[in-house]
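Everything below concerns the one structure shown next.
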Amino acid sequence: MTVTYSYEALPVAEWFRRNREIAGFQNPARAMYQTVRELVENSLDATEPYGILPNIIVRISAVDETRGWFSIYVEDNGVGIPGNEIPNVFGRVFYSSKYKIKQHRGVFGLGLKMVVLYAQSTTNRPIAVRSASVRSDKIYEYKLMIDTTKNEPIIVDVREFENKYKWHGTAVKVTIEGNWLNSKKRIEEYLKRTAIISPYSEIYFSGPDMELALKRRTTKMPPPPKEGLPHPKSVDVDTVKQMIADNRGATLIELLMNNFDRVGEGLAKAFLEWAGLSPTRKAGGLTQEEIVHLVEKMKTYDGWLRPRADWLSPAGPELLEVGAKSILGAEAVFAVTRKPSSYSGHPFIVEAAIAWGGQIPLVDKPILLRYAN
Ligand SMILES: Nc1ncnc2c1ncn2[C@@H]1O[C@H](COP(=O)(O)OP(=O)(O)O)[C@@H](O)[C@H]1O
Ligand SMILES: [Mg+2]
């Protein structure tokens, strides 16, 4: 008997088919909610961290009632996407500008692509994008699809316009198979929850039989998060290998000081001595086993300082209060932001608010709204 094996990369279409449930695209109602959510989160990520007060417009309209086709349009006033990057961010799975240590909502470079693939698999219509980055002379318009065998964007159409009024932002329109009746409630709740936690944003929504104007309640925004370096306890072997590849000529002491959060000369030296590695050795000379040893020691060393928390951007009690009072119509709100803490070198901040009275309905069990970034 002969056995033959064939090797091949998993085509994107197949990958999408296998993962759509986890990503929230298992049926038309869920997919509609998830599409709104992915697009709105990207809009918030393109505004808030850059100190721009978000103006977001969301529009859902029926395109073909019998087939359950809807168009979903989301527009923002964010930093926009450089023209030459538009095809990639919409048409290449795992392509993102957010692989940095900084707080934001999207992390896997997947959101938009899931939306495009879902649209393709149900209506086969391209996604339409209009975007201009800050101070750009041009506005770019693309119609894009994904080549699901090659994981590459297909440019169906591209146009450029003069950006006379220096508009910046992004507008995206997709046509998907959806279910408005069964997603309406969830979409409404999602938008309201978003407004509670970001009362400095202005969100206008219009759906087939519903409008929602979530007005800006304050112009105060949390301080934008800074970009950070990883904490020595938080990295894995692969990350350190990559760092070494980029800094082959550095000594171990330099490697630690330049690439990690809150590691100064004295601390780097003390650690390396404790780990049995010479501080003056060249990083590029470490063997694979030594790299594994280094990472193990980094994870177990007690002497590191607590990670910095300035790449987090807590809302703060004042904003939580404004959000809960205005959107929930609460009579009273108590809010706290706790001191930064960390787990395995990853800093986090816990914030909580209790709201009651006013328009909050009387119920047996309190309503719990949980947010995680
Ligand atoms: N509304 C937007 N404004 C500016 N940039 C955007 C917007 N939407 C998406 N992008 C860019 O496209 C990239 C990919 O988005 P996405 O696929 O949702 O992945 P993620 O949000 O995880 O990075 C983002 O990292 C960002 O650079
Ligand atoms: Mg995203």
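Following the order of the structure tokens, chains are lettered A, B, ..., residues in each are numbered from 1, and ligands are numbered from 1.
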| said: Can you tell me which residues surround Thr148 of chain A at a distance of at most 10 Å, considering only C-alpha atoms, apart from same-chain residues fewer than 5 positions away, and format the answer as a list in words? | reply: Leu10, Pro11, Val12, Ala13, Glu14, Trp15, Phe16, Gly91, Arg92, Val93, Leu117, Gln120, Pro153 and Ile154 of chain A
| Would you give me, as an MDAnalysis selection string, the residues in segment 111-250 of chain A that DSSP reads as strand (DSSP E)? | chainID A and resid 127:132 138:147 152:162 169:177 202:207 210:214
| Residues within 6 Å of ligand 1, counting only C-alpha atoms and all ligand atoms, as a PyMOL selection string | chain A and resi 42-43+46+78-81+89+95-98+106-113+170
Those same residues - all heavy atoms - I'd like them written as a compact mmCIF listing (two decimals), in the first residue's frame.
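Saved as again_24.txt:
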```txt
# COMPACT_ATOMS: atom_id res chain seq x y z
N ASN A 42 -12.84 49.94 15.46
CA ASN A 42 -11.75 50.53 14.67
C ASN A 42 -11.85 52.05 14.65
O ASN A 42 -10.84 52.74 14.72
CB ASN A 42 -11.78 49.98 13.24
CG ASN A 42 -11.18 48.59 13.13
OD1 ASN A 42 -10.55 48.10 14.06
ND2 ASN A 42 -11.37 47.95 11.99
N SER A 43 -13.08 52.56 14.57
CA SER A 43 -13.26 54.01 14.57
C SER A 43 -12.81 54.62 15.89
O SER A 43 -12.16 55.66 15.92
CB SER A 43 -14.73 54.37 14.33
OG SER A 43 -15.09 54.04 13.01
N ALA A 46 -9.15 54.73 16.09
CA ALA A 46 -8.53 55.71 15.18
C ALA A 46 -8.73 57.14 15.68
O ALA A 46 -8.24 58.09 15.07
CB ALA A 46 -9.13 55.58 13.78
N GLY A 78 -11.40 59.93 12.30
CA GLY A 78 -10.13 59.50 12.87
C GLY A 78 -8.92 59.85 12.01
O GLY A 78 -9.02 60.65 11.07
N VAL A 79 -7.80 59.23 12.34
CA VAL A 79 -6.54 59.56 11.67
C VAL A 79 -6.47 59.04 10.24
O VAL A 79 -5.55 59.39 9.50
CB VAL A 79 -5.32 59.02 12.46
CG1 VAL A 79 -5.13 59.81 13.74
CG2 VAL A 79 -5.43 57.53 12.73
N GLY A 80 -7.43 58.21 9.84
CA GLY A 80 -7.45 57.74 8.47
C GLY A 80 -6.39 56.68 8.21
O GLY A 80 -5.61 56.33 9.09
N ILE A 81 -6.39 56.17 6.98
CA ILE A 81 -5.45 55.13 6.60
C ILE A 81 -4.68 55.64 5.38
O ILE A 81 -5.31 56.09 4.42
CB ILE A 81 -6.19 53.83 6.22
CG1 ILE A 81 -7.19 53.45 7.33
CG2 ILE A 81 -5.22 52.68 5.95
CD1 ILE A 81 -8.20 52.41 6.90
N VAL A 89 -4.80 46.62 4.73
CA VAL A 89 -5.54 46.51 5.99
C VAL A 89 -6.93 45.89 5.78
O VAL A 89 -7.47 45.28 6.70
CB VAL A 89 -5.64 47.83 6.79
CG1 VAL A 89 -4.27 48.37 7.15
CG2 VAL A 89 -6.46 48.86 6.11
N TYR A 95 -3.11 41.58 9.15
CA TYR A 95 -2.39 42.81 8.85
C TYR A 95 -2.97 43.89 9.75
O TYR A 95 -4.16 44.12 9.77
CB TYR A 95 -2.59 43.17 7.39
CG TYR A 95 -1.55 44.15 6.87
CD1 TYR A 95 -0.36 43.68 6.32
CD2 TYR A 95 -1.75 45.52 6.95
CE1 TYR A 95 0.60 44.56 5.84
CE2 TYR A 95 -0.80 46.40 6.48
CZ TYR A 95 0.37 45.92 5.91
OH TYR A 95 1.31 46.80 5.44
N SER A 96 -2.11 44.54 10.53
CA SER A 96 -2.60 45.51 11.51
C SER A 96 -1.53 46.53 11.81
O SER A 96 -0.35 46.28 11.62
CB SER A 96 -2.98 44.77 12.79
OG SER A 96 -3.18 45.67 13.85
N SER A 97 -1.95 47.69 12.29
CA SER A 97 -0.97 48.68 12.75
C SER A 97 -0.91 48.63 14.26
O SER A 97 -0.33 49.48 14.89
CB SER A 97 -1.39 50.07 12.29
OG SER A 97 -2.61 50.42 12.94
N LYS A 98 -1.57 47.64 14.83
CA LYS A 98 -1.72 47.69 16.29
C LYS A 98 -0.92 46.64 17.04
O LYS A 98 -1.25 46.29 18.16
CB LYS A 98 -3.20 47.54 16.64
CG LYS A 98 -4.05 48.64 16.05
CD LYS A 98 -5.49 48.51 16.43
CE LYS A 98 -6.39 49.32 15.53
NZ LYS A 98 -7.76 48.81 15.56
N GLY A 106 -8.74 46.63 19.03
CA GLY A 106 -8.38 45.52 18.13
C GLY A 106 -6.98 45.04 18.47
O GLY A 106 -6.14 45.83 18.82
N VAL A 107 -6.75 43.74 18.38
CA VAL A 107 -5.39 43.28 18.64
C VAL A 107 -4.88 42.28 17.64
O VAL A 107 -3.69 42.04 17.54
CB VAL A 107 -5.21 42.62 20.01
CG1 VAL A 107 -4.58 43.59 20.98
CG2 VAL A 107 -6.49 42.05 20.55
N PHE A 108 -5.75 41.67 16.89
CA PHE A 108 -5.26 40.56 16.09
C PHE A 108 -5.17 40.83 14.60
O PHE A 108 -4.78 39.98 13.83
CB PHE A 108 -6.14 39.32 16.33
CG PHE A 108 -6.00 38.81 17.72
CD1 PHE A 108 -7.04 38.92 18.63
CD2 PHE A 108 -4.82 38.24 18.14
CE1 PHE A 108 -6.89 38.47 19.93
CE2 PHE A 108 -4.67 37.78 19.44
CZ PHE A 108 -5.71 37.90 20.33
N GLY A 109 -5.50 42.04 14.18
CA GLY A 109 -5.43 42.33 12.76
C GLY A 109 -6.41 41.49 11.96
O GLY A 109 -6.16 41.11 10.82
N LEU A 110 -7.56 41.20 12.58
CA LEU A 110 -8.51 40.29 11.96
C LEU A 110 -9.85 40.92 11.63
O LEU A 110 -10.50 40.55 10.65
CB LEU A 110 -8.83 39.15 12.95
CG LEU A 110 -7.89 37.99 12.98
CD1 LEU A 110 -8.43 36.94 13.94
CD2 LEU A 110 -7.76 37.40 11.59
N GLY A 111 -10.26 41.87 12.48
CA GLY A 111 -11.62 42.39 12.45
C GLY A 111 -12.14 42.72 11.06
O GLY A 111 -13.14 42.16 10.60
N LEU A 112 -11.44 43.62 10.38
CA LEU A 112 -11.92 44.05 9.06
C LEU A 112 -11.98 42.89 8.08
O LEU A 112 -12.89 42.81 7.27
CB LEU A 112 -10.95 45.09 8.49
CG LEU A 112 -11.07 46.51 9.01
CD1 LEU A 112 -10.03 47.37 8.33
CD2 LEU A 112 -12.46 47.04 8.73
N LYS A 113 -10.99 42.04 8.14
CA LYS A 113 -10.93 40.93 7.18
C LYS A 113 -12.08 39.96 7.39
O LYS A 113 -12.64 39.42 6.44
CB LYS A 113 -9.59 40.20 7.30
CG LYS A 113 -8.48 40.86 6.55
CD LYS A 113 -8.11 42.25 7.06
CE LYS A 113 -7.32 42.21 8.33
NZ LYS A 113 -6.69 43.49 8.71
N THR A 170 -12.29 57.93 8.07
CA THR A 170 -12.50 56.73 7.28
C THR A 170 -13.99 56.44 7.21
O THR A 170 -14.69 56.59 8.21
CB THR A 170 -11.76 55.53 7.93
OG1 THR A 170 -10.38 55.87 8.05
CG2 THR A 170 -11.90 54.26 7.11
```
| query | So, counting only C-alpha atoms and all ligand atoms, which residue among A:Thr66, A:Asn179, A:Thr251, A:Gln34 is closest to ligand 2? | reply | A:Gln34
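Here atom CA of Leu320 of chain A stands at a distance of 12.6 Å from atom CA of Arg370 of chain A.
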| Which of segment 58-244 of chain A fall in helix (DSSP H, G or I), as an MDAnalysis selection string | chainID A and resid 83:91 111:122 180:197 232:234 237:244
| Residue contacts of Ile155 of chain A (7 Å, only C-alpha atoms) excluding same-chain residues fewer than 5 positions away, as a VMD selection string | chain A and resid 143 to 145
| request: Counting only C-alpha atoms, figure out which residue out of A:Pro82, A:Gly169, A:Gly51, A:Gly345 gets nearest to Asp236 of chain A. | output: A:Gly345
| task | Would you list the contacts of segment 68-75 of chain A as a list in words, taking every protein, DNA or RNA residue within 6 Å and counting only C-alpha atoms, but skipping same-chain residues closer than 6 positions in sequence? | result |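 Surrounding residues, per the criterion: Ile56, Ile57, Val58, Arg59, Ile60, Ser61, Ala62, Thr170, Ala171, Val172, Lys173, Val174, Thr175, Ile176, Glu177 and Gly178 of chain A.
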Saved selection, atoms kept: N, CA and C atoms, as a short mmCIF file (atom, residue, chain, number, x, y, z; two decimals), in the first residue's frame:
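The new file again_1.cif reads:
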```
data_model
loop_
_atom_site.label_atom_id
_atom_site.label_comp_id
_atom_site.auth_asym_id
_atom_site.auth_seq_id
_atom_site.Cartn_x
_atom_site.Cartn_y
_atom_site.Cartn_z
N ILE A 56 -18.86 59.53 15.21
CA ILE A 56 -19.07 58.28 14.48
C ILE A 56 -20.50 58.20 13.96
N ILE A 57 -20.62 57.87 12.68
CA ILE A 57 -21.95 57.70 12.08
C ILE A 57 -22.11 56.24 11.67
N VAL A 58 -23.20 55.64 12.08
CA VAL A 58 -23.46 54.24 11.73
C VAL A 58 -24.82 54.19 11.05
N ARG A 59 -24.86 53.58 9.86
CA ARG A 59 -26.13 53.52 9.14
C ARG A 59 -26.36 52.10 8.63
N ILE A 60 -27.52 51.56 8.95
CA ILE A 60 -27.86 50.24 8.42
C ILE A 60 -29.09 50.41 7.53
N SER A 61 -29.01 49.97 6.28
CA SER A 61 -30.20 50.05 5.43
C SER A 61 -30.45 48.73 4.72
N ALA A 62 -31.73 48.45 4.51
CA ALA A 62 -32.09 47.23 3.79
C ALA A 62 -31.76 47.42 2.32
N THR A 170 -12.29 57.93 8.07
CA THR A 170 -12.50 56.73 7.28
C THR A 170 -13.99 56.44 7.21
N ALA A 171 -14.46 56.05 6.04
CA ALA A 171 -15.85 55.61 5.89
C ALA A 171 -15.82 54.26 5.19
N VAL A 172 -16.56 53.33 5.73
CA VAL A 172 -16.55 51.97 5.19
C VAL A 172 -17.99 51.55 4.94
N LYS A 173 -18.23 50.89 3.81
CA LYS A 173 -19.58 50.37 3.54
C LYS A 173 -19.50 48.93 3.05
N VAL A 174 -20.25 48.06 3.73
CA VAL A 174 -20.30 46.66 3.29
C VAL A 174 -21.73 46.23 3.08
N THR A 175 -21.92 45.28 2.19
CA THR A 175 -23.24 44.68 2.01
C THR A 175 -23.16 43.23 2.47
N ILE A 176 -23.98 42.91 3.45
CA ILE A 176 -23.94 41.55 4.01
C ILE A 176 -25.33 40.96 4.11
N GLU A 177 -25.37 39.65 4.28
CA GLU A 177 -26.64 39.03 4.64
C GLU A 177 -26.79 39.21 6.15
N GLY A 178 -27.86 39.84 6.57
CA GLY A 178 -28.02 40.11 7.99
C GLY A 178 -29.42 39.79 8.46
#
```
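Look at segment 302-312 of chain A: the protein and nucleic acid residues within 8 Å of it, using only C-alpha atoms and passing over chain neighbours fewer than 3 places away, are Ile101, Lys102, Gln103, Pro225, Lys226, Glu227, Gly228, His231, Pro232, Asp261, Arg262, Val263, Leu267, Phe271, Pro340, Ser341, Ser342, Gly345, His346, Pro347, Phe348 and Ile349 of chain A.
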| query | Can you tell me, as a PyMOL selection string, what residues are no more than 9 Å from Trp356 of chain A when counting only C-alpha atoms, ignoring any on the same chain fewer than 3 positions away? | reply | chain A and resi 328-333+359-361
Please, could you write that set of residues out with all heavy atoms as a PDB file, in the first residue's frame?
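Here's the written file out-v2.pdb:
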```pdb
ATOM      1  N   LEU A 328     -27.481  56.201  31.264  1.00  0.00           N
ATOM      2  CA  LEU A 328     -28.410  55.376  32.036  1.00  0.00           C
ATOM      3  C   LEU A 328     -29.464  56.235  32.742  1.00  0.00           C
ATOM      4  O   LEU A 328     -30.439  55.714  33.243  1.00  0.00           O
ATOM      5  CB  LEU A 328     -27.645  54.567  33.092  1.00  0.00           C
ATOM      6  CG  LEU A 328     -26.640  53.542  32.575  1.00  0.00           C
ATOM      7  CD1 LEU A 328     -25.871  52.935  33.738  1.00  0.00           C
ATOM      8  CD2 LEU A 328     -27.351  52.452  31.791  1.00  0.00           C
ATOM      9  N   GLY A 329     -29.243  57.535  32.802  1.00  0.00           N
ATOM     10  CA  GLY A 329     -30.164  58.417  33.517  1.00  0.00           C
ATOM     11  C   GLY A 329     -30.163  58.136  35.014  1.00  0.00           C
ATOM     12  O   GLY A 329     -31.199  58.227  35.678  1.00  0.00           O
ATOM     13  N   ALA A 330     -29.009  57.792  35.565  1.00  0.00           N
ATOM     14  CA  ALA A 330     -28.924  57.451  36.986  1.00  0.00           C
ATOM     15  C   ALA A 330     -29.069  58.692  37.849  1.00  0.00           C
ATOM     16  O   ALA A 330     -28.730  59.794  37.438  1.00  0.00           O
ATOM     17  CB  ALA A 330     -27.586  56.783  37.275  1.00  0.00           C
ATOM     18  N   GLU A 331     -29.557  58.470  39.084  1.00  0.00           N
ATOM     19  CA  GLU A 331     -29.674  59.579  40.010  1.00  0.00           C
ATOM     20  C   GLU A 331     -28.340  59.799  40.709  1.00  0.00           C
ATOM     21  O   GLU A 331     -27.918  60.926  40.953  1.00  0.00           O
ATOM     22  CB  GLU A 331     -30.766  59.248  41.022  1.00  0.00           C
ATOM     23  CG  GLU A 331     -31.048  60.370  41.993  1.00  0.00           C
ATOM     24  CD  GLU A 331     -31.979  59.893  43.109  1.00  0.00           C
ATOM     25  OE1 GLU A 331     -32.860  59.042  42.850  1.00  0.00           O
ATOM     26  OE2 GLU A 331     -31.808  60.360  44.249  1.00  0.00           O
ATOM     27  N   ALA A 332     -27.679  58.693  41.033  1.00  0.00           N
ATOM     28  CA  ALA A 332     -26.397  58.808  41.727  1.00  0.00           C
ATOM     29  C   ALA A 332     -25.400  57.796  41.185  1.00  0.00           C
ATOM     30  O   ALA A 332     -25.779  56.690  40.792  1.00  0.00           O
ATOM     31  CB  ALA A 332     -26.603  58.580  43.220  1.00  0.00           C
ATOM     32  N   VAL A 333     -24.163  58.195  41.124  1.00  0.00           N
ATOM     33  CA  VAL A 333     -23.109  57.300  40.632  1.00  0.00           C
ATOM     34  C   VAL A 333     -21.883  57.439  41.529  1.00  0.00           C
ATOM     35  O   VAL A 333     -21.493  58.548  41.888  1.00  0.00           O
ATOM     36  CB  VAL A 333     -22.681  57.669  39.189  1.00  0.00           C
ATOM     37  CG1 VAL A 333     -21.627  56.682  38.671  1.00  0.00           C
ATOM     38  CG2 VAL A 333     -23.866  57.700  38.248  1.00  0.00           C
ATOM     39  N   GLN A 359     -33.649  56.906  36.039  1.00  0.00           N
ATOM     40  CA  GLN A 359     -34.364  56.087  35.046  1.00  0.00           C
ATOM     41  C   GLN A 359     -33.941  54.623  35.025  1.00  0.00           C
ATOM     42  O   GLN A 359     -34.375  53.857  34.176  1.00  0.00           O
ATOM     43  CB  GLN A 359     -34.128  56.674  33.658  1.00  0.00           C
ATOM     44  CG  GLN A 359     -34.855  57.986  33.427  1.00  0.00           C
ATOM     45  CD  GLN A 359     -34.122  58.821  32.398  1.00  0.00           C
ATOM     46  OE1 GLN A 359     -33.578  58.305  31.431  1.00  0.00           O
ATOM     47  NE2 GLN A 359     -34.077  60.124  32.627  1.00  0.00           N
ATOM     48  N   ILE A 360     -33.050  54.240  35.945  1.00  0.00           N
ATOM     49  CA  ILE A 360     -32.638  52.829  35.960  1.00  0.00           C
ATOM     50  C   ILE A 360     -33.794  51.994  36.500  1.00  0.00           C
ATOM     51  O   ILE A 360     -34.311  52.263  37.580  1.00  0.00           O
ATOM     52  CB  ILE A 360     -31.375  52.627  36.825  1.00  0.00           C
ATOM     53  CG1 ILE A 360     -30.220  53.429  36.224  1.00  0.00           C
ATOM     54  CG2 ILE A 360     -31.021  51.145  36.943  1.00  0.00           C
ATOM     55  CD1 ILE A 360     -28.943  53.368  37.006  1.00  0.00           C
ATOM     56  N   PRO A 361     -34.245  51.002  35.727  1.00  0.00           N
ATOM     57  CA  PRO A 361     -35.423  50.244  36.154  1.00  0.00           C
ATOM     58  C   PRO A 361     -35.152  49.458  37.443  1.00  0.00           C
ATOM     59  O   PRO A 361     -34.026  49.054  37.714  1.00  0.00           O
ATOM     60  CB  PRO A 361     -35.668  49.283  34.981  1.00  0.00           C
ATOM     61  CG  PRO A 361     -34.381  49.222  34.231  1.00  0.00           C
ATOM     62  CD  PRO A 361     -33.701  50.528  34.455  1.00  0.00           C
TER      63      PRO A 361
END
```
Long-range neighbours of Asp137 of chain A as a JSON list (two decimals) with C-alpha atoms, in the first residue's frame, 10 Å cut-off, only C-alpha atoms, 5 positions minimum in chain:
```json
[["chain", "number", "residue", "atom", "x", "y", "z"],
["A", 132, "ALA", "CA", -7.85, 60.38, 4.12],
["A", 160, "GLU", "CA", -8.35, 59.62, -5.85],
["A", 161, "PHE", "CA", -9.84, 63.01, -5.13],
["A", 162, "GLU", "CA", -8.38, 66.29, -4.12],
["A", 163, "ASN", "CA", -8.84, 66.81, -0.36],
["A", 164, "LYS", "CA", -9.84, 70.45, -0.55],
["A", 165, "TYR", "CA", -11.14, 70.81, 2.98],
["A", 166, "LYS", "CA", -8.47, 68.64, 4.59],
["A", 167, "TRP", "CA", -11.01, 66.11, 5.78]]
```
